[in-house]
Every structure is written in C-alpha cells, then in structure tokens.
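S.K.: This is the content of my_file20.txt (compact mmCIF, C-alpha atoms):
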# COMPACT_ATOMS: atom_id res chain seq x y z
CA MET A 19 95.63 -14.92 165.41
CA SER A 20 98.48 -17.44 165.04
CA ASP A 21 98.48 -16.97 161.25
CA GLU A 22 98.62 -13.20 161.66
CA LEU A 23 101.50 -13.57 164.10
CA THR A 24 103.37 -15.77 161.66
CA ILE A 25 102.91 -13.27 158.86
CA SER A 26 104.06 -10.49 161.17
CA GLU A 27 107.14 -12.43 162.19
CA GLN A 28 107.96 -13.20 158.58
CA GLY A 29 107.72 -9.52 157.78
CA GLN A 30 110.10 -8.69 160.61
CA ILE A 31 112.59 -11.27 159.40
CA ALA A 32 112.40 -9.85 155.88
CA ASP A 33 113.01 -6.35 157.22
CA ARG A 34 116.00 -7.56 159.25
CA TYR A 35 117.42 -9.35 156.23
CA ASP A 36 117.04 -6.32 153.96
CA ALA A 37 118.64 -4.06 156.57
CA ALA A 38 121.58 -6.45 156.94
CA VAL A 39 122.11 -6.64 153.17
CA GLU A 40 122.24 -2.85 152.96
CA LYS A 41 124.87 -2.69 155.69
CA LEU A 42 127.08 -5.22 153.95
CA ILE A 43 128.26 -2.46 151.60
CA ASP A 44 128.98 0.04 154.37
CA ASP A 45 132.49 1.53 154.46
CA SER A 46 132.92 0.57 158.11
CA VAL A 47 134.18 -2.96 158.74
CA ASP A 48 132.47 -2.91 162.13
CA VAL A 49 129.11 -2.13 160.53
CA ARG A 50 129.60 -4.90 157.98
CA ARG A 51 130.57 -7.35 160.68
CA GLY A 52 127.46 -6.39 162.65
CA ALA A 53 125.37 -7.11 159.55
CA ILE A 54 126.97 -10.55 159.26
CA TYR A 55 126.15 -11.33 162.90
CA SER A 56 122.60 -10.26 162.17
CA MET A 57 122.42 -12.67 159.23
CA GLN A 58 123.70 -15.47 161.43
CA SER A 59 120.93 -14.69 163.92
CA ILE A 60 118.37 -14.63 161.11
CA MET A 61 119.36 -18.18 160.08
CA THR A 62 118.68 -19.31 163.63
CA ASP A 63 115.38 -17.48 163.97
CA SER A 64 114.11 -18.33 160.50
CA PRO A 65 115.63 -21.51 158.99
CA ARG A 66 113.71 -20.93 155.75
CA THR A 67 115.96 -17.92 155.05
CA GLN A 68 119.15 -19.95 155.42
CA PRO A 69 119.66 -20.68 151.68
CA ALA A 70 119.46 -16.96 150.90
CA VAL A 71 121.92 -16.14 153.71
CA ILE A 72 124.35 -18.82 152.50
CA ASP A 73 124.28 -17.38 148.98
CA MET A 74 124.71 -13.81 150.23
CA LEU A 75 127.59 -14.52 152.62
CA SER A 76 129.34 -16.72 150.06
CA LYS A 77 129.17 -13.87 147.54
CA TYR A 78 130.36 -11.42 150.19
CA ILE A 79 133.50 -13.47 150.79
CA ARG A 80 134.18 -14.03 147.09
CA ASP A 81 133.81 -10.33 146.31
CA ARG A 82 136.44 -9.44 148.91
CA ALA A 83 138.91 -12.30 148.73
CA THR A 84 139.43 -13.46 145.15
CA LYS A 85 141.61 -10.71 143.65
CA LYS A 86 144.41 -10.84 146.19
CA SER A 87 145.36 -12.97 149.16
CA ALA A 88 143.82 -11.74 152.40
CA ALA A 89 144.85 -12.60 155.94
CA VAL A 90 141.70 -13.18 157.96
CA ASP A 91 143.26 -11.75 161.11
CA LYS A 92 143.21 -8.44 159.25
CA ALA A 93 139.72 -9.02 157.82
CA PRO A 94 137.42 -9.66 160.81
CA ASP A 95 134.33 -9.28 158.63
CA ILE A 96 135.43 -12.14 156.38
CA GLN A 97 136.26 -14.33 159.36
CA ALA A 98 132.82 -13.54 160.81
CA ALA A 99 131.18 -14.61 157.54
CA LEU A 100 133.19 -17.83 157.51
CA TYR A 101 132.18 -18.51 161.10
CA ALA A 102 128.51 -17.94 160.31
CA LEU A 103 128.65 -20.31 157.35
CA GLY A 104 130.63 -22.95 159.20
CA ASN A 105 128.39 -22.97 162.27
CA ARG A 106 124.99 -23.09 160.61
CA ASP A 107 122.62 -26.09 160.79
CA PRO A 108 123.23 -27.91 157.46
CA SER A 109 119.78 -29.54 157.63
CA HIS A 110 118.30 -26.17 156.60
CA ASP A 111 120.54 -25.63 153.56
CA GLY A 112 117.97 -26.72 151.00
CA ASP A 113 119.60 -26.46 147.57
CA ALA A 114 122.09 -23.83 148.71
CA VAL A 115 125.81 -24.64 148.60
CA ILE A 116 128.61 -22.68 150.21
CA ASP A 117 130.41 -21.34 147.15
CA LEU A 118 133.93 -20.08 147.88
CA ARG A 119 135.52 -20.90 144.56
CA GLY A 120 138.75 -19.06 143.94
CA VAL A 121 138.94 -17.27 147.28
CA ARG A 122 142.42 -16.41 148.54
CA LEU A 123 142.49 -16.46 152.33
CA ARG A 124 145.42 -17.18 154.60
CA LYS A 125 145.10 -18.87 157.98
CA VAL A 126 141.31 -19.15 158.10
CA GLU A 127 139.83 -20.34 161.39
CA LEU A 128 137.33 -23.09 160.64
CA LYS A 129 138.04 -25.57 163.41
CA GLY A 130 135.07 -27.91 163.81
CA ALA A 131 133.16 -26.12 161.06
CA SER A 132 130.55 -27.79 158.89
CA LEU A 133 131.40 -27.25 155.23
CA THR A 134 129.61 -30.27 153.82
CA HIS A 135 129.47 -30.22 150.01
CA ALA A 136 130.99 -26.73 149.90
CA ASP A 137 132.64 -25.70 146.64
CA LEU A 138 136.20 -24.56 147.35
CA GLY A 139 137.49 -25.27 143.86
CA GLY A 140 140.65 -23.31 143.12
CA ALA A 141 140.62 -21.67 146.54
CA VAL A 142 143.92 -20.75 148.22
CA LEU A 143 143.55 -21.50 151.93
CA SER A 144 147.14 -22.06 152.98
CA GLY A 145 147.73 -22.54 156.68
CA GLY A 146 144.03 -22.75 157.50
CA ASP A 147 142.73 -24.48 160.60
CA PHE A 148 140.19 -27.15 159.66
CA GLU A 149 140.75 -29.42 162.64
CA LYS A 150 137.81 -31.84 163.04
CA ALA A 151 135.86 -29.96 160.40
CA ASP A 152 133.08 -31.75 158.51
CA LEU A 153 134.24 -31.59 154.89
CA THR A 154 132.23 -34.51 153.55
CA GLY A 155 131.62 -34.17 149.84
CA VAL A 156 133.58 -30.91 149.66
CA LYS A 157 134.95 -29.83 146.27
CA LEU A 158 138.66 -29.03 146.50
CA LYS A 159 139.68 -29.42 142.87
CA LEU A 160 142.86 -27.39 142.29
CA ALA A 161 142.58 -25.91 145.78
CA VAL A 162 145.70 -24.99 147.75
CA LEU A 163 145.70 -26.07 151.39
CA SER A 164 149.44 -26.29 151.87
CA GLY A 165 150.33 -26.29 155.54
CA ALA A 166 146.66 -26.54 156.52
CA HIS A 167 145.66 -28.18 159.80
CA LEU A 168 143.21 -30.96 158.89
CA ALA A 169 143.74 -33.30 161.84
CA GLY A 170 140.60 -35.31 162.49
CA ALA A 171 138.75 -33.69 159.59
CA ASP A 172 136.14 -35.74 157.72
CA LEU A 173 136.84 -35.57 153.97
CA THR A 174 134.71 -38.56 153.03
CA ASP A 175 133.72 -38.38 149.34
CA ALA A 176 135.72 -35.16 148.89
CA ASN A 177 136.91 -34.25 145.39
CA ALA A 178 140.49 -33.05 145.88
CA THR A 179 141.79 -33.76 142.39
CA ARG A 180 145.06 -31.92 141.70
CA ALA A 181 144.81 -30.15 145.04
CA ASP A 182 147.90 -28.94 146.88
CA LEU A 183 148.10 -30.51 150.35
CA ARG A 184 151.86 -30.20 150.75
CA GLY A 185 152.84 -30.01 154.40
CA ALA A 186 149.24 -30.39 155.56
CA ASP A 187 148.48 -32.14 158.84
CA LEU A 188 146.08 -34.97 157.99
CA THR A 189 146.58 -36.85 161.26
CA GLY A 190 143.53 -39.02 161.84
CA ALA A 191 141.67 -37.46 158.91
CA ASN A 192 139.05 -39.54 157.09
CA LEU A 193 139.65 -39.64 153.33
CA SER A 194 137.36 -42.57 152.59
CA ARG A 195 136.27 -42.59 148.93
CA ALA A 196 137.96 -39.22 148.40
CA ASP A 197 139.25 -38.49 144.89
CA LEU A 198 142.91 -37.52 145.27
CA THR A 199 143.86 -37.90 141.62
CA GLY A 200 147.05 -35.92 141.01
CA THR A 201 147.00 -34.42 144.51
CA ARG A 202 150.27 -33.12 146.00
CA LEU A 203 150.93 -34.74 149.38
CA ASP A 204 154.61 -33.92 149.84
CA ARG A 205 155.58 -33.69 153.53
CA ALA A 206 151.95 -34.10 154.64
CA ASN A 207 151.44 -35.83 157.99
CA LEU A 208 149.46 -38.97 157.15
CA THR A 209 149.55 -40.62 160.57
CA GLU A 210 146.45 -42.80 161.09
CA THR A 211 144.78 -41.29 158.03
CA THR A 212 141.85 -43.39 156.78
CA TRP A 213 141.98 -44.12 153.04
CA ASN A 214 139.29 -46.74 152.49
CA GLY A 215 138.20 -46.59 148.85
CA ALA A 216 140.17 -43.40 148.12
CA ASN A 217 141.38 -42.77 144.57
CA LEU A 218 145.12 -42.05 144.73
CA THR A 219 145.80 -42.28 141.01
CA GLY A 220 148.78 -40.07 140.22
CA ALA A 221 148.91 -38.65 143.74
CA ARG A 222 152.38 -37.22 144.28
CA ARG A 223 154.41 -37.88 147.39
CA PRO A 224 158.20 -38.18 147.15
CA GLU A 225 158.24 -40.06 150.44
CA GLY A 226 156.74 -42.97 148.53
CA ASP A 227 154.60 -44.24 151.39
CA LEU A 228 151.10 -43.90 149.99
CA PRO A 229 148.90 -46.93 150.63
CA GLU A 230 147.57 -49.52 148.25
CA VAL A 231 143.87 -48.82 148.73
CA THR A 232 141.63 -51.83 148.26
CA SER A 233 137.87 -52.26 148.02
CA SER A 234 137.74 -53.82 151.46
CA PRO A 235 134.68 -52.66 153.42
CA GLU A 236 136.88 -52.19 156.44
CA ALA A 237 138.49 -48.77 156.81
CA THR A 238 142.25 -48.84 156.59
CA SER A 239 144.80 -46.38 157.87
CA SER A 240 148.15 -45.33 156.49
CA SER A 241 149.86 -47.31 159.22
CA GLU A 242 148.10 -50.57 158.26
CA VAL A 243 148.01 -50.76 154.48
CA THR A 244 150.68 -52.02 152.10
CA LEU A 245 152.56 -49.70 149.80
CA ARG A 246 152.26 -49.64 146.04
CA PRO A 247 155.70 -50.52 144.64
CA GLU A 248 155.01 -48.74 141.39
CA ALA A 249 153.87 -45.62 143.22
CA THR A 250 156.92 -45.69 145.44
CA SER A 251 159.35 -45.80 142.57
CA ARG A 252 157.45 -43.22 140.55
CA GLN A 253 157.03 -40.74 143.36
CA ASN A 254 160.70 -40.78 144.33
CA ARG A 255 161.58 -39.23 141.02
CA PRO A 256 162.43 -35.49 141.03
CA LEU A 257 159.32 -33.32 140.59
Just dump the structure as structure tokens.
M.R.:
Amino acid sequence: MSDELTISEQGQIADRYDAAVEKLIDDSVDVRRGAIYSMQSIMTDSPRTQPAVIDMLSKYIRDRATKKSAAVDKAPDIQAALYALGNRDPSHDGDAVIDLRGVRLRKVELKGASLTHADLGGAVLSGGDFEKADLTGVKLKLAVLSGAHLAGADLTDANATRADLRGADLTGANLSRADLTGTRLDRANLTETTWNGANLTGARRPEGDLPEVTSSPEATSSSEVTLRPEATSRQNRPL
C-alpha cells in the first residue's frame, strides 16, 4: 500500500509541475506568479523535483530580463521567482545551478537569500539588496553590482573577476579566497570586510586603501591589514 501511495503522490506532483509550467506562459502576470508559488511549494513537497524547478525558474527569469533592464518592483513575477530560488534548501540542488547569466534587473530583493554557486556572469544587478546573502562560490565575472547592498554577505570563493562593485556596501562582507582580479571597487564601503586569501590583482580603487592580502590562516579585515604601496600609487591614477 505504501508503494502505491508513493507512486500516487509522485503522479500528483508531476501533474502539479506540468500545470505550473503551462501557466508560466500565461498572459496574466498574476497567473504566472501563482504558477511560481506552486513551483516553490513543489520543491518543498518533493525535493527530488528541485533541480528541474531551479532550471525552469532560472530560464523563466533569463527569458524576461536579459534584453532590457527590468525593475523588479514592476515585475512581481520575476521577484517571486527570485524569492523561490533564493529560499530553497540547497541540499536538494543535485547538479542544478541557478543560472542567471546576463540578466538585467534593478533593485532585486535577495536579502538573506541562498545563491551558493549561482552563475550571475555578466548580470546587471545594480542597487540590489543582498544583505547577509549566502553567495559562496558564486560566479560574478563581468557582473555589475554597482550600489548593491552586500553588508554581511558571504562571498567566500566567489569569482568576481572584472566585476563592477562601485559604490557597493560590503560592510562586514566575507571575501575570503574570492577572485577580485580587475574588479572595480571605487567608493565601495569596505569597513570590516574580510579578505583572507582574496586575489586583488589589478583591482581598481582610486582611494588606494586595498589590503595586502597574505596567506595567513587567520582572517583579516580591511581595518587590520597593511596597504600595498604599489597598489596605492597605481590606483590613484586617473581611470
């Protein structure tokens, strides 16, 4: 009986998933948003479907936010999809990766979200709220997060090469072992930022106060490390 019940439940989940996918192309934003909420519920009820939901919602966002910049306060369906992705249980991701490469979204609300190992390469997410978000291993190559709120965010092992973090709030953020090669950090708030093992080769900051990161096992913050004289002189040159 238990096996029959499991098969029955699996069939119901499949039906719910198929119905939600069909509604994702509806003309009504409210219908589409309802379908996204349904997919979020499906991930909770059936963790084995989570990789498929991640792929579907990632594609949904890319299809609607890569050709022109969208403000999420005017796109509640996209914000709902971001919320569903950011509030899932990452232990059920399997091989799925949140893929938001090239999306153009202003002022996204992802405070406390889990975006571990997400691919945001080339994304434009200016002014987004990522406070205390889990961004470990995230791919931010060529991404634009100017003016983003990243206070307390965990960017351990992030790849932010040539990213634009100008004016971003990185107060208390953890950038341990992050690759910040060529990253723009002009006017960013680096108070108590942890840099242990970060790669700051060619990082650009006219203020000239980037740290000299060492291989010390102890985490260091921007208020504790010494400055690189060569970086200071180089980064004070006009850009």
S.K.: Please indicate the distance in Å from atom CA of Leu75 of chain A to atom CA of Ala102 of chain A, rounded to one decimal place.
M.R.: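 Separation of atom CA of Leu75 of chain A and atom CA of Ala102 of chain A: 8.5 Å.
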S.K.: For the atom pair atom CA of Gln97 of chain A and atom CA of Asp147 of chain A, what is the interatomic distance in Å to one decimal place?
M.R.: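 Rounded to one decimal, the two atoms are 12.1 Å apart.
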S.K.: Using only C-alpha atoms, find each residue in segment 130-187 of chain A having at least one atom no more than 7 Å away from segment 192-211 of chain A; report its shortest atom-to-atom pair and that distance in Å (one decimal), rows by chain then rising number, as JSON lines.
M.R.:
{"residue": "A:Ala171", "atom": "CA", "partner": "A:Asn192", "partner_atom": "CA", "distance": 6.4}
{"residue": "A:Asp172", "atom": "CA", "partner": "A:Asn192", "partner_atom": "CA", "distance": 4.8}
{"residue": "A:Leu173", "atom": "CA", "partner": "A:Leu193", "partner_atom": "CA", "distance": 5.0}
{"residue": "A:Thr174", "atom": "CA", "partner": "A:Ser194", "partner_atom": "CA", "distance": 4.8}
{"residue": "A:Asp175", "atom": "CA", "partner": "A:Ala196", "partner_atom": "CA", "distance": 4.4}
{"residue": "A:Ala176", "atom": "CA", "partner": "A:Ala196", "partner_atom": "CA", "distance": 4.7}
{"residue": "A:Asn177", "atom": "CA", "partner": "A:Asp197", "partner_atom": "CA", "distance": 4.9}
{"residue": "A:Ala178", "atom": "CA", "partner": "A:Leu198", "partner_atom": "CA", "distance": 5.1}
{"residue": "A:Thr179", "atom": "CA", "partner": "A:Thr199", "partner_atom": "CA", "distance": 4.7}
{"residue": "A:Arg180", "atom": "CA", "partner": "A:Thr201", "partner_atom": "CA", "distance": 4.2}
{"residue": "A:Ala181", "atom": "CA", "partner": "A:Thr201", "partner_atom": "CA", "distance": 4.8}
{"residue": "A:Asp182", "atom": "CA", "partner": "A:Arg202", "partner_atom": "CA", "distance": 4.9}
{"residue": "A:Leu183", "atom": "CA", "partner": "A:Leu203", "partner_atom": "CA", "distance": 5.2}
{"residue": "A:Arg184", "atom": "CA", "partner": "A:Asp204", "partner_atom": "CA", "distance": 4.7}
{"residue": "A:Gly185", "atom": "CA", "partner": "A:Ala206", "partner_atom": "CA", "distance": 4.2}
{"residue": "A:Ala186", "atom": "CA", "partner": "A:Ala206", "partner_atom": "CA", "distance": 4.7}
{"residue": "A:Asp187", "atom": "CA", "partner": "A:Asn207", "partner_atom": "CA", "distance": 4.8}
S.K.: Let me make sure I understand: among A:Pro69, A:Pro229, A:Gly52, A:Gly215, which one has the smallest atom-to-atom distance to Pro108 of chain A if we use all atoms listed in the file?
M.R.: A:Pro69
S.K.: By how many Å are atom CA of Ile54 of chain A and atom CA of Ala99 of chain A apart?
M.R.: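 These two atoms are separated by 6.1 Å.
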S.K.: Neighbouring residues of Ala131 of chain A were defined as those with any atom within 7 Å, considering all atoms listed in the file; residues of the same chain fewer than 4 positions away were excluded. Please report them as a list in words.
M.R.: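 Skipping anything fewer than 4 positions along the chain leaves Gly104, Asn105, Ala151 and Asp152 of chain A.
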S.K.: Could you pull the residues within 6 Å of Ala141 of chain A, counting all atoms listed in the file, minus those fewer than 6 positions along the same chain, as an MDAnalysis selection string?
M.R.: chainID A and resid 119:122 161
S.K.: My list of candidates is A:Gly145, A:Gly139, A:Gly190, A:Gly112. Which is closest to Leu163 of chain A when distances are computed with all atoms listed in the file?
M.R.: A:Gly145
S.K.: Give me, as number ranges by chain, all polymer residues having an atom no more than 12 Å from Ile60 of chain A, counting only C-alpha atoms and skipping those fewer than 6 positions away in the same chain.
M.R.: A: 27-28, 30-39, 53-54, 66-72, 102, 106
S.K.: Taking all atoms listed in the file into account, name the residue in A:Ala136, A:Val142, A:Ala98, A:Leu158 that is nearest to Val47 of chain A.
M.R.: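 Counting all atoms listed in the file, the residue closest to Val47 of chain A is A:Ala98.
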S.K.: Do a neighbour search on segment 77-83 of chain A at 7 Å with all atoms listed in the file, toss out local chain neighbours closer than 3 positions, and write the hits as JSON, numbers by chain.
M.R.: {"A": [73, 74, 86, 87, 88, 96, 118, 121, 122, 123]}
S.K.: Let me make sure I understand: among A:Asp137, A:Asp107, A:Asp95, A:Asp117, which one has the smallest atom-to-atom distance to Lys41 of chain A if we use all atoms listed in the file?
M.R.: A:Asp95
S.K.: Return as JSON the box centre and box size in Å, one decimal, for an axis-aligned box around all listed atoms of segment 97-114 of chain A padded by 4 Å per side.
M.R.:
{"center_x": 127.1, "center_y": -21.5, "center_z": 154.9, "size_x": 26.3, "size_y": 24.0, "size_z": 22.7}
S.K.: So, with all atoms listed in the file as the atoms that count, which of A:Leu133, A:Ala191, A:Val162, A:Ala221 lies closest to Glu149 of chain A?
M.R.: A:Ala191
S.K.: So which one's closest to Gly155 of chain A, A:Val126, A:Leu168, A:Ile116, A:Leu188? Using only C-alpha atoms, please.
M.R.: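 Under the stated criterion, the closest residue is A:Ile116.
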